[in-house]
file model07.txt (compact mmCIF, C-alpha atoms)
# COMPACT_ATOMS: atom_id res chain seq x y z
CA MET A 50 -23.74 2.14 -5.79
CA SER A 51 -22.29 -1.04 -7.27
CA MET A 52 -18.81 -2.26 -6.38
CA TRP A 53 -17.76 -1.85 -10.01
CA PHE A 54 -18.35 1.89 -9.71
CA TRP A 55 -15.91 2.19 -6.79
CA VAL A 56 -13.34 -0.16 -8.33
CA ILE A 57 -13.22 1.93 -11.49
CA LEU A 58 -13.42 5.30 -9.72
CA ALA A 59 -10.56 4.42 -7.33
CA SER A 60 -8.46 3.08 -10.22
CA VAL A 61 -8.96 6.13 -12.44
CA LEU A 62 -8.20 8.42 -9.49
CA SER A 63 -4.99 6.49 -8.87
CA LEU A 64 -3.79 7.02 -12.44
CA GLY A 65 -4.86 10.66 -12.26
CA VAL A 66 -2.83 11.28 -9.10
CA LYS A 67 0.26 9.67 -10.63
CA LEU A 68 -0.13 11.85 -13.71
CA LEU A 69 -0.51 14.99 -11.57
CA GLY A 70 2.99 14.40 -10.21
CA TYR A 71 4.35 14.70 -13.77
CA LEU A 72 2.25 17.69 -14.74
CA LEU A 73 2.36 19.94 -11.68
CA PRO A 74 5.51 21.94 -10.86
CA GLU A 75 8.01 19.91 -8.87
CA SER A 76 8.40 22.64 -6.22
CA LEU A 77 4.89 21.77 -5.00
CA PHE A 78 6.12 18.38 -3.81
CA ASP A 79 9.67 19.33 -2.90
CA ASN A 80 8.56 20.33 0.57
CA PRO A 81 9.70 18.41 3.66
CA LYS A 82 6.29 19.01 5.25
CA VAL A 83 4.48 17.32 2.37
CA VAL A 84 6.91 14.39 2.35
CA THR A 85 6.65 13.90 6.13
CA MET A 86 2.86 14.03 5.93
CA ALA A 87 2.76 11.49 3.12
CA ASN A 88 5.01 9.12 5.11
CA PHE A 89 2.95 9.53 8.25
CA VAL A 90 -0.34 8.95 6.43
CA THR A 91 1.02 5.71 4.99
CA ILE A 92 2.26 4.48 8.38
CA GLY A 93 -0.83 5.56 10.33
CA MET A 94 -3.17 4.00 7.83
CA LEU A 95 -1.27 0.70 7.58
CA ALA A 96 -1.34 0.51 11.40
CA ALA A 97 -5.08 1.20 11.26
CA LEU A 98 -5.51 -1.58 8.69
CA VAL A 99 -3.56 -3.98 10.90
CA VAL A 100 -5.79 -3.49 13.95
CA THR A 101 -8.99 -3.36 11.89
CA ASN A 102 -8.22 -6.62 10.13
CA ALA A 103 -7.01 -8.22 13.38
CA PHE A 104 -9.76 -7.16 15.80
CA SER A 105 -12.84 -5.72 14.08
CA THR A 106 -16.11 -7.52 13.54
CA GLY A 107 -17.78 -4.91 11.38
CA GLN A 108 -18.61 -2.28 13.99
CA GLY A 109 -17.33 -4.18 17.04
CA LEU A 110 -14.11 -5.57 18.45
CA ASP A 111 -13.26 -9.19 19.15
CA VAL A 112 -10.18 -11.31 19.85
CA ASP A 113 -10.11 -14.52 17.82
CA ALA A 114 -7.80 -16.68 15.66
CA ARG A 115 -6.59 -13.55 13.85
CA LEU A 116 -4.60 -12.55 16.95
CA ALA A 117 -2.44 -15.64 16.39
CA ALA A 118 -1.77 -14.43 12.83
CA LEU A 119 -0.73 -11.00 14.15
CA VAL A 120 1.66 -12.45 16.73
CA VAL A 121 3.20 -14.93 14.30
CA ALA A 122 3.61 -12.26 11.62
CA VAL A 123 5.46 -9.93 14.00
CA ILE A 124 7.76 -12.77 15.11
CA ALA A 125 8.45 -13.70 11.48
CA LEU A 126 9.28 -10.06 10.64
CA VAL A 127 11.62 -9.76 13.61
CA MET A 128 13.37 -12.84 12.22
CA ARG A 129 13.57 -11.08 8.81
CA ALA A 130 11.29 -13.49 6.96
CA PRO A 131 10.35 -12.36 3.41
CA PHE A 132 6.88 -10.90 2.72
CA LEU A 133 5.31 -14.00 1.27
CA VAL A 134 6.56 -16.25 4.08
CA VAL A 135 5.06 -13.83 6.62
CA ILE A 136 1.69 -14.06 4.89
CA VAL A 137 1.70 -17.84 4.63
CA LEU A 138 2.68 -18.13 8.30
CA GLY A 139 -0.11 -15.70 9.25
CA ALA A 140 -2.69 -17.73 7.35
CA THR A 141 -1.39 -20.99 8.81
CA ALA A 142 -1.52 -19.63 12.35
CA ALA A 143 -5.14 -18.48 12.02
CA ALA A 144 -6.19 -21.72 10.31
CA LEU A 145 -4.47 -23.89 12.96
CA VAL A 146 -6.03 -22.00 15.87
CA ARG A 147 -9.46 -22.46 14.27
CA LEU A 148 -8.79 -26.16 13.75
CA VAL A 149 -7.76 -26.70 17.36
CA CYS A 150 -10.16 -24.41 19.26
CA MET B 69 18.61 -4.52 -14.94
CA THR B 70 19.09 -7.75 -13.01
CA ALA B 71 18.07 -5.86 -9.88
CA SER B 72 15.00 -4.54 -11.69
CA LEU B 73 13.90 -7.95 -12.86
CA SER B 74 14.46 -9.75 -9.58
CA LEU B 75 12.62 -6.99 -7.72
CA SER B 76 9.81 -7.25 -10.28
CA PHE B 77 9.47 -10.96 -9.68
CA ALA B 78 9.64 -10.71 -5.90
CA THR B 79 7.10 -7.87 -5.83
CA GLY B 80 4.92 -9.65 -8.36
CA LEU B 81 4.70 -12.63 -6.04
CA TYR B 82 2.74 -10.52 -3.51
CA GLY B 83 0.16 -10.35 -6.27
CA ILE B 84 -0.84 -13.90 -5.35
CA SER B 85 -1.82 -12.79 -1.86
CA PHE B 86 -3.58 -9.72 -3.25
CA GLY B 87 -5.64 -11.79 -5.70
CA ALA B 88 -6.62 -14.37 -3.09
CA LEU B 89 -7.47 -11.73 -0.46
CA ALA B 90 -9.45 -9.63 -2.95
CA LEU B 91 -11.77 -12.58 -3.52
CA ALA B 92 -11.98 -13.30 0.21
CA ALA B 93 -13.01 -9.63 0.62
CA GLY B 94 -15.91 -10.16 -1.77
CA LEU B 95 -14.60 -8.84 -5.08
CA ASN B 96 -14.80 -11.00 -8.18
CA THR B 97 -11.85 -11.99 -10.36
CA TRP B 98 -12.34 -9.16 -12.87
CA GLN B 99 -12.69 -6.48 -10.21
CA ALA B 100 -9.43 -7.70 -8.65
CA MET B 101 -7.80 -7.64 -12.10
CA VAL B 102 -9.02 -4.08 -12.84
CA LEU B 103 -7.45 -2.94 -9.56
CA SER B 104 -4.11 -4.55 -10.48
CA LEU B 105 -4.20 -3.39 -14.11
CA LEU B 106 -5.49 0.14 -13.61
CA MET B 107 -5.02 1.23 -9.98
CA PHE B 108 -1.65 -0.60 -9.98
CA THR B 109 -0.19 0.48 -6.67
CA GLY B 110 0.11 -2.39 -4.21
CA GLY B 111 -0.37 -0.71 -0.83
CA SER B 112 -3.52 1.11 -1.94
CA GLN B 113 -4.96 -2.04 -3.51
CA PHE B 114 -4.44 -3.87 -0.21
CA ALA B 115 -6.04 -0.93 1.63
CA PHE B 116 -9.05 -1.03 -0.71
CA ILE B 117 -9.74 -4.72 -0.08
CA GLY B 118 -8.72 -4.44 3.60
CA VAL B 119 -11.56 -1.96 4.16
CA LEU B 120 -14.06 -4.09 2.24
CA ALA B 121 -13.02 -7.26 4.11
CA THR B 122 -13.85 -5.63 7.43
CA GLY B 123 -17.32 -4.47 6.36
CA GLY B 124 -16.45 -1.01 5.01
CA THR B 125 -18.33 0.51 2.06
CA GLY B 126 -16.97 1.02 -1.45
CA ALA B 127 -16.75 4.74 -0.67
CA ALA B 128 -14.62 4.13 2.44
CA ALA B 129 -12.42 1.70 0.47
CA THR B 130 -11.92 4.31 -2.25
CA GLY B 131 -11.14 7.02 0.32
CA SER B 132 -8.55 4.85 2.07
CA ALA B 133 -6.87 3.85 -1.18
CA ALA B 134 -6.80 7.48 -2.30
CA LEU B 135 -5.10 8.61 0.92
CA LEU B 136 -2.37 6.05 0.30
CA PHE B 137 -1.80 6.63 -3.40
CA THR B 138 -1.39 10.41 -3.09
CA ARG B 139 2.28 9.70 -2.36
CA ASN B 140 2.61 8.51 -5.96
CA ALA B 141 2.28 12.17 -7.00
CA ILE B 142 5.49 12.87 -5.05
CA TYR B 143 7.23 10.00 -6.84
CA GLY B 144 5.85 11.32 -10.13
CA ALA B 145 7.37 14.75 -9.55
CA GLN B 146 10.74 13.17 -8.68
CA MET B 147 10.66 10.81 -11.66
CA ASN B 148 9.67 13.61 -14.03
CA LEU B 149 13.04 15.24 -13.31
CA ARG B 150 15.07 12.01 -13.47
CA VAL B 151 13.37 10.03 -16.23
CA ARG B 152 12.23 13.01 -18.34
CA PRO B 153 9.63 11.04 -20.35
CA SER B 154 8.58 12.45 -23.72
CA ALA B 155 5.07 13.90 -24.00
CA ARG B 156 3.89 10.65 -25.55
CA SER B 157 5.36 8.35 -22.92
CA THR B 158 4.30 10.47 -19.92
CA LEU B 159 1.04 8.56 -19.41
CA LEU B 160 2.87 5.22 -19.43
CA ALA B 161 5.58 6.56 -17.13
CA ALA B 162 2.89 7.85 -14.75
CA HIS B 163 1.12 4.50 -14.75
CA VAL B 164 4.25 2.55 -13.77
CA THR B 165 5.25 5.11 -11.10
CA ILE B 166 5.11 3.06 -7.89
CA ASP B 167 7.20 2.47 -4.75
CA GLU B 168 9.50 -0.01 -6.49
CA SER B 169 10.23 1.81 -9.77
CA ALA B 170 10.73 5.18 -8.05
CA GLY B 171 12.74 3.61 -5.24
CA LEU B 172 15.16 1.74 -7.49
CA ALA B 173 15.58 4.69 -9.88
CA THR B 174 16.46 6.97 -6.97
CA LEU B 175 19.25 4.61 -5.92
CA GLN B 176 21.08 4.93 -9.30
CA ASP B 177 23.85 7.44 -9.95
CA SER B 178 23.68 8.49 -13.61
CA PRO B 179 20.52 9.75 -15.37
CA ASP B 180 20.85 6.88 -17.89
CA GLN B 181 20.87 4.27 -15.14
CA GLN B 182 17.97 6.01 -13.40
CA ARG B 183 15.93 5.88 -16.59
CA THR B 184 16.76 2.21 -17.20
CA ALA B 185 15.98 1.21 -13.60
CA PHE B 186 12.68 3.12 -13.67
CA TRP B 187 11.35 1.62 -16.90
CA TRP B 188 12.53 -1.96 -16.36
CA THR B 189 11.24 -2.06 -12.78
CA GLY B 190 7.96 -0.29 -13.57
CA ILE B 191 7.08 -2.48 -16.52
CA GLY B 192 8.53 -5.62 -14.94
CA VAL B 193 6.46 -5.22 -11.77
CA PHE B 194 3.37 -4.45 -13.87
CA VAL B 195 3.66 -7.69 -15.82
CA CYS B 196 4.50 -9.89 -12.81
CA TRP B 197 1.99 -8.19 -10.48
CA ASN B 198 -0.89 -8.75 -12.89
CA ALA B 199 0.09 -12.31 -13.77
CA PHE B 200 0.34 -13.25 -10.09
CA THR B 201 -2.85 -11.38 -9.17
CA PHE B 202 -4.64 -13.64 -11.64
CA VAL B 203 -3.04 -16.74 -10.09
CA GLY B 204 -4.17 -15.48 -6.68
CA THR B 205 -7.77 -14.94 -7.80
CA GLN B 206 -7.91 -18.50 -9.09
CA LEU B 207 -6.67 -19.69 -5.70
CA GLY B 208 -9.16 -17.41 -3.94
CA GLU B 209 -12.05 -18.83 -5.96
CA ARG B 210 -11.25 -22.35 -4.81
CA VAL B 211 -10.58 -22.09 -1.08
CA ASP B 212 -12.73 -21.39 1.98
CA PRO B 213 -11.24 -18.10 3.34
CA GLN B 214 -11.92 -18.91 7.01
CA ALA B 215 -10.64 -22.49 6.97
CA TRP B 216 -7.47 -21.42 5.12
CA GLY B 217 -6.91 -18.50 7.46
CA LEU B 218 -7.06 -15.89 4.69
CA ASP B 219 -8.22 -13.29 7.24
CA GLY B 220 -5.03 -14.10 9.15
CA ALA B 221 -3.11 -13.67 5.89
CA ALA B 222 -4.60 -10.18 5.52
CA VAL B 223 -3.47 -9.23 9.04
CA ALA B 224 0.03 -10.57 8.27
CA ALA B 225 0.11 -8.69 4.95
CA PHE B 226 -0.61 -5.33 6.58
CA VAL B 227 1.96 -5.93 9.33
CA ALA B 228 4.50 -6.84 6.63
CA LEU B 229 3.66 -3.71 4.60
CA LEU B 230 3.96 -1.53 7.71
CA TRP B 231 7.16 -3.05 9.15
CA PRO B 232 9.80 -1.76 6.68
CA ARG B 233 8.33 1.77 6.81
CA ILE B 234 9.08 2.19 10.52
CA LYS B 235 12.58 3.62 10.38
CA ASN B 236 12.73 5.76 13.51
CA ARG B 237 10.97 6.57 16.76
CA ASP B 238 8.61 9.12 15.18
CA HIS B 239 7.41 6.49 12.72
CA ALA B 240 6.80 4.01 15.54
CA ALA B 241 4.88 6.67 17.45
CA VAL B 242 2.64 7.38 14.45
CA ALA B 243 1.97 3.65 14.01
CA VAL B 244 0.87 3.40 17.65
CA LEU B 245 -1.21 6.57 17.26
CA GLY B 246 -2.94 5.19 14.15
CA ALA B 247 -3.64 1.86 15.83
CA PHE B 248 -4.97 3.53 18.99
CA VAL B 249 -7.27 5.95 17.14
CA THR B 250 -8.65 3.05 15.12
CA LEU B 251 -9.36 0.85 18.15
CA MET B 252 -11.16 3.74 19.88
CA LEU B 253 -13.27 4.57 16.83
CA ILE B 254 -14.27 1.11 15.58
CA PRO B 255 -17.22 0.76 18.00
CA ALA B 256 -18.30 4.38 17.43
CA VAL B 257 -18.42 4.99 13.67
CA PRO B 258 -19.28 2.91 10.55
CA ALA B 259 -16.74 0.32 9.34
CA GLY B 260 -13.96 1.77 7.19
CA VAL B 261 -14.28 5.28 8.60
CA PRO B 262 -11.81 4.70 11.50
CA ILE B 263 -9.09 3.90 8.95
CA ILE B 264 -9.62 7.20 7.13
CA LEU B 265 -9.74 9.15 10.39
CA ALA B 266 -6.55 7.43 11.62
CA ALA B 267 -4.85 8.54 8.39
CA ALA B 268 -6.12 12.10 8.90
CA VAL B 269 -4.80 12.21 12.49
CA SER B 270 -1.45 10.85 11.26
CA ALA B 271 -1.29 13.54 8.58
CA ALA B 272 -1.94 16.19 11.22
CA ALA B 273 0.82 14.70 13.40
CA GLY B 274 3.19 14.79 10.41
CA TRP B 275 2.33 18.42 9.72
CA ALA B 276 2.84 19.40 13.36
CA LEU B 277 6.18 17.59 13.60
CA ALA B 278 7.50 18.99 10.30
CA SER B 279 6.45 22.50 11.35
CA LYS B 280 8.31 22.10 14.63
CA HIS B 281 11.49 21.02 12.81
CA GLU B 282 11.09 23.87 10.34
CA SER B 283 10.84 26.53 13.04
CA ARG B 284 13.78 24.99 14.90
CA ASN B 285 15.93 25.07 11.73
CA ALA B 286 14.79 28.62 11.00
CA GLY B 287 15.83 29.55 14.52
CA LYS B 288 19.29 28.11 13.90
CA ALA B 289 19.69 29.95 10.60
CA SER B 290 18.84 33.40 11.96
call {"tool": "encode", "arguments": {"input": "model07.txt", "output": "structure tokens"}}
result
Amino acid sequence: MSMWFWVILASVLSLGVKLLGYLLPESLFDNPKVVTMANFVTIGMLAALVVTNAFSTGQGLDVDARLAALVVAVIALVMRAPFLVVIVLGATAAALVRLVC
Amino acid sequence: MTASLSLSFATGLYGISFGALALAAGLNTWQAMVLSLLMFTGGSQFAFIGVLATGGTGAAATGSAALLFTRNAIYGAQMNLRVRPSARSTLLAAHVTIDESAGLATLQDSPDQQRTAFWWTGIGVFVCWNAFTFVGTQLGERVDPQAWGLDGAAVAAFVALLWPRIKNRDHAAVAVLGAFVTLMLIPAVPAGVPIILAAAVSAAAGWALASKHESRNAGKAS
């Protein structure tokens, strides 16, 4: 299946889900269980994306320059750096480690 | 309105990192642009390319994005009550229903202010996000992702997206749970699948915790 298929499918689904919120009765979503689950899914998945992007090599694990990006990003966030600064620092850390090692 | 526009610009700026990372993940400029124009929900777009960048399939990328953008339905239901779009503008309202527009609208007091904040933020972010995504793709086309540390940028982006969402100890516990499940599963199942399973485990944890609170509150009431 070509990547275009998935790009378009995921995009159309996204719009469909947004529209559902407007069309379905509000009581369906006004449930603390649903809200807690949605929050937890977002947090759990972002954490999963962090470790996958930091340590995975396809279907294996490895520690490399990306670990430096992870550490630097956490330090920057503790120091309340804005989003874009965190990203630039992360990229710089990984690039520098590669340059040196 | 000033708040809407400055938030639009600040959010739009992330679009640069999205565009550059989308190309590093193997998408082309137009695929990245379709995601920003049509999917238009930042976290899910990052999830989509985050799965691809680590060797996941298009199906796994779509599944991960879908798990994240389901929360937009909750925003939609809330905005439907506050913004009350006409039948004709419902599709447009739905399209610009994202974290930022819903978040800023919720902070306003009067219905008029809520409506203004929603539309200005939604449309403002849409314009800035797409313009900056394009800038990012042009950057992504010109640099070597490894030498410029774009994989490090992706790691930093996900940490930065996660950080503000951890507001209490339960949230921190779920983040650790998601990370742990993923690390355990990466060697065992195809790329991309651990992310979806981590989300599923987190959902189950959310359900269990909310049920516990519910029964405790019910106990108090009776």
call {"tool": "residues_near_point", "arguments": {"input": "model07.txt", "point": "(-7.5, -7.7, 16.5)", "cutoff": "9 Å", "atoms": "all atoms listed in the file", "output": "list in words"}}
result
Val99, Val100, Thr101, Asn102, Ala103, Phe104, Ser105, Leu110, Asp111, Val112, Asp113, Arg115, Leu116 and Leu119 of chain A; Val223 and Leu251 of chain B
call {"tool": "write_last_selection", "arguments": {"input": "model07.txt", "atoms": "C-alpha atoms", "output": "PDB file, in the frame of the given file"}}
result
ATOM      1  CA  VAL A  99      -3.560  -3.980  10.900  1.00  0.00           C
ATOM      2  CA  VAL A 100      -5.790  -3.490  13.950  1.00  0.00           C
ATOM      3  CA  THR A 101      -8.990  -3.360  11.890  1.00  0.00           C
ATOM      4  CA  ASN A 102      -8.220  -6.620  10.130  1.00  0.00           C
ATOM      5  CA  ALA A 103      -7.010  -8.220  13.380  1.00  0.00           C
ATOM      6  CA  PHE A 104      -9.760  -7.160  15.800  1.00  0.00           C
ATOM      7  CA  SER A 105     -12.840  -5.720  14.080  1.00  0.00           C
ATOM      8  CA  LEU A 110     -14.110  -5.570  18.450  1.00  0.00           C
ATOM      9  CA  ASP A 111     -13.260  -9.190  19.150  1.00  0.00           C
ATOM     10  CA  VAL A 112     -10.180 -11.310  19.850  1.00  0.00           C
ATOM     11  CA  ASP A 113     -10.110 -14.520  17.820  1.00  0.00           C
ATOM     12  CA  ARG A 115      -6.590 -13.550  13.850  1.00  0.00           C
ATOM     13  CA  LEU A 116      -4.600 -12.550  16.950  1.00  0.00           C
ATOM     14  CA  LEU A 119      -0.730 -11.000  14.150  1.00  0.00           C
TER      15      LEU A 119
ATOM     16  CA  VAL B 223      -3.470  -9.230   9.040  1.00  0.00           C
ATOM     17  CA  LEU B 251      -9.360   0.850  18.150  1.00  0.00           C
TER      18      LEU B 251
END
call {"tool": "residues_around", "arguments": {"input": "model07.txt", "residues": "Ala87 of chain A", "least_positions_apart": "4", "cutoff": "9 Å", "atoms": "all atoms listed in the file", "output": "list in words"}}
result
Lys82, Val83, Thr91 and Ile92 of chain A; Leu135, Leu136, Thr138, Arg139, Ile142, Ala271 and Gly274 of chain B
call {"tool": "closest_atom_pairs", "arguments": {"input": "model07.txt", "of": "segment 71-180 of chain B", "to": "segment 76-81 of chain A", "cutoff": "12 Å", "atoms": "only C-alpha atoms", "output": "Markdown table"}}
result
| residue | atom | partner | partner_atom | distance |
| --- | --- | --- | --- | --- |
| B:Thr138 | CA | A:Phe78 | CA | 11.0 |
| B:Arg139 | CA | A:Phe78 | CA | 9.6 |
| B:Asn140 | CA | A:Phe78 | CA | 10.7 |
| B:Ala141 | CA | A:Phe78 | CA | 8.0 |
| B:Ile142 | CA | A:Phe78 | CA | 5.7 |
| B:Tyr143 | CA | A:Phe78 | CA | 9.0 |
| B:Gly144 | CA | A:Phe78 | CA | 9.5 |
| B:Ala145 | CA | A:Phe78 | CA | 6.9 |
| B:Gln146 | CA | A:Phe78 | CA | 8.5 |
| B:Met147 | CA | A:Phe78 | CA | 11.8 |
| B:Asn148 | CA | A:Phe78 | CA | 11.8 |
| B:Leu149 | CA | A:Ser76 | CA | 11.2 |
call {"tool": "residues_around", "arguments": {"input": "model07.txt", "residues": "Phe86 of chain B", "least_positions_apart": "4", "cutoff": "10 Å", "atoms": "all atoms listed in the file", "output": "number ranges by chain"}}
result
B: 80-82, 90-92, 100, 104, 110-111, 113-114, 117, 197, 200-205, 208, 221-222, 225
call {"tool": "residues_near_point", "arguments": {"input": "model07.txt", "point": "(8.0, -12.9, 6.3)", "cutoff": "12 Å", "atoms": "all atoms listed in the file", "output": "PyMOL selection string"}}
result
(chain A and resi 118-119+121-140) or (chain B and resi 82+221+224-229+231-232)
call {"tool": "closest_residue", "arguments": {"input": "model07.txt", "among": "B:Thr130, B:Asn198, B:Ser169, B:Ser85", "to": "Leu106 of chain B", "atoms": "all atoms listed in the file"}}
result
B:Asn198
call {"tool": "atom_distance", "arguments": {"input": "model07.txt", "atom1": "atom CA of Ile166 of chain B", "atom2": "atom CA of Phe116 of chain B"}}
result
16.4 Å
call {"tool": "decode", "arguments": {"input": "model07.txt", "residues": "segment 92-101 of chain A", "atoms": "all heavy atoms", "output": "short mmCIF file (atom, residue, chain, number, x, y, z; two decimals), in the first residue's frame"}}
result
data_model
loop_
_atom_site.label_atom_id
_atom_site.label_comp_id
_atom_site.auth_asym_id
_atom_site.auth_seq_id
_atom_site.Cartn_x
_atom_site.Cartn_y
_atom_site.Cartn_z
N ILE A 92 -0.82 10.71 26.94
CA ILE A 92 0.42 10.68 27.71
C ILE A 92 1.20 9.39 27.46
O ILE A 92 2.40 9.42 27.18
CB ILE A 92 0.11 10.85 29.22
CG1 ILE A 92 -0.43 12.25 29.48
CG2 ILE A 92 1.35 10.58 30.06
CD1 ILE A 92 -1.01 12.45 30.87
N GLY A 93 0.50 8.26 27.53
CA GLY A 93 1.17 6.97 27.33
C GLY A 93 1.79 6.86 25.95
O GLY A 93 2.91 6.36 25.78
N MET A 94 1.06 7.37 24.95
CA MET A 94 1.59 7.26 23.60
C MET A 94 2.76 8.22 23.38
O MET A 94 3.74 7.86 22.72
CB MET A 94 0.50 7.54 22.58
CG MET A 94 1.06 7.44 21.17
SD MET A 94 -0.17 7.71 19.96
CE MET A 94 -0.93 6.13 19.99
N LEU A 95 2.69 9.43 23.91
CA LEU A 95 3.82 10.35 23.74
C LEU A 95 5.06 9.79 24.43
O LEU A 95 6.17 9.88 23.89
CB LEU A 95 3.46 11.75 24.28
CG LEU A 95 2.49 12.55 23.41
CD1 LEU A 95 2.06 13.82 24.10
CD2 LEU A 95 3.11 12.87 22.05
N ALA A 96 4.87 9.16 25.61
CA ALA A 96 6.01 8.53 26.29
C ALA A 96 6.57 7.41 25.42
O ALA A 96 7.79 7.24 25.31
CB ALA A 96 5.58 8.00 27.66
N ALA A 97 5.66 6.64 24.80
CA ALA A 97 6.10 5.55 23.91
C ALA A 97 6.89 6.11 22.73
O ALA A 97 7.90 5.55 22.31
CB ALA A 97 4.88 4.77 23.41
N LEU A 98 6.42 7.24 22.20
CA LEU A 98 7.12 7.86 21.06
C LEU A 98 8.49 8.39 21.47
O LEU A 98 9.45 8.35 20.70
CB LEU A 98 6.26 8.97 20.46
CG LEU A 98 5.12 8.47 19.56
CD1 LEU A 98 4.03 9.51 19.42
CD2 LEU A 98 5.65 8.07 18.19
N VAL A 99 8.59 8.88 22.70
CA VAL A 99 9.89 9.35 23.20
C VAL A 99 10.89 8.19 23.20
O VAL A 99 11.95 8.28 22.59
CB VAL A 99 9.78 9.93 24.63
CG1 VAL A 99 11.17 10.18 25.21
CG2 VAL A 99 8.98 11.24 24.62
N VAL A 100 10.54 7.08 23.86
CA VAL A 100 11.53 6.00 23.97
C VAL A 100 11.79 5.35 22.62
O VAL A 100 12.92 4.95 22.32
CB VAL A 100 11.14 4.93 25.02
CG1 VAL A 100 11.09 5.52 26.41
CG2 VAL A 100 9.86 4.25 24.69
N THR A 101 10.75 5.24 21.77
CA THR A 101 10.97 4.64 20.46
C THR A 101 11.95 5.48 19.65
O THR A 101 12.91 4.95 19.07
CB THR A 101 9.64 4.52 19.69
OG1 THR A 101 8.71 3.82 20.50
CG2 THR A 101 9.83 3.76 18.39
#
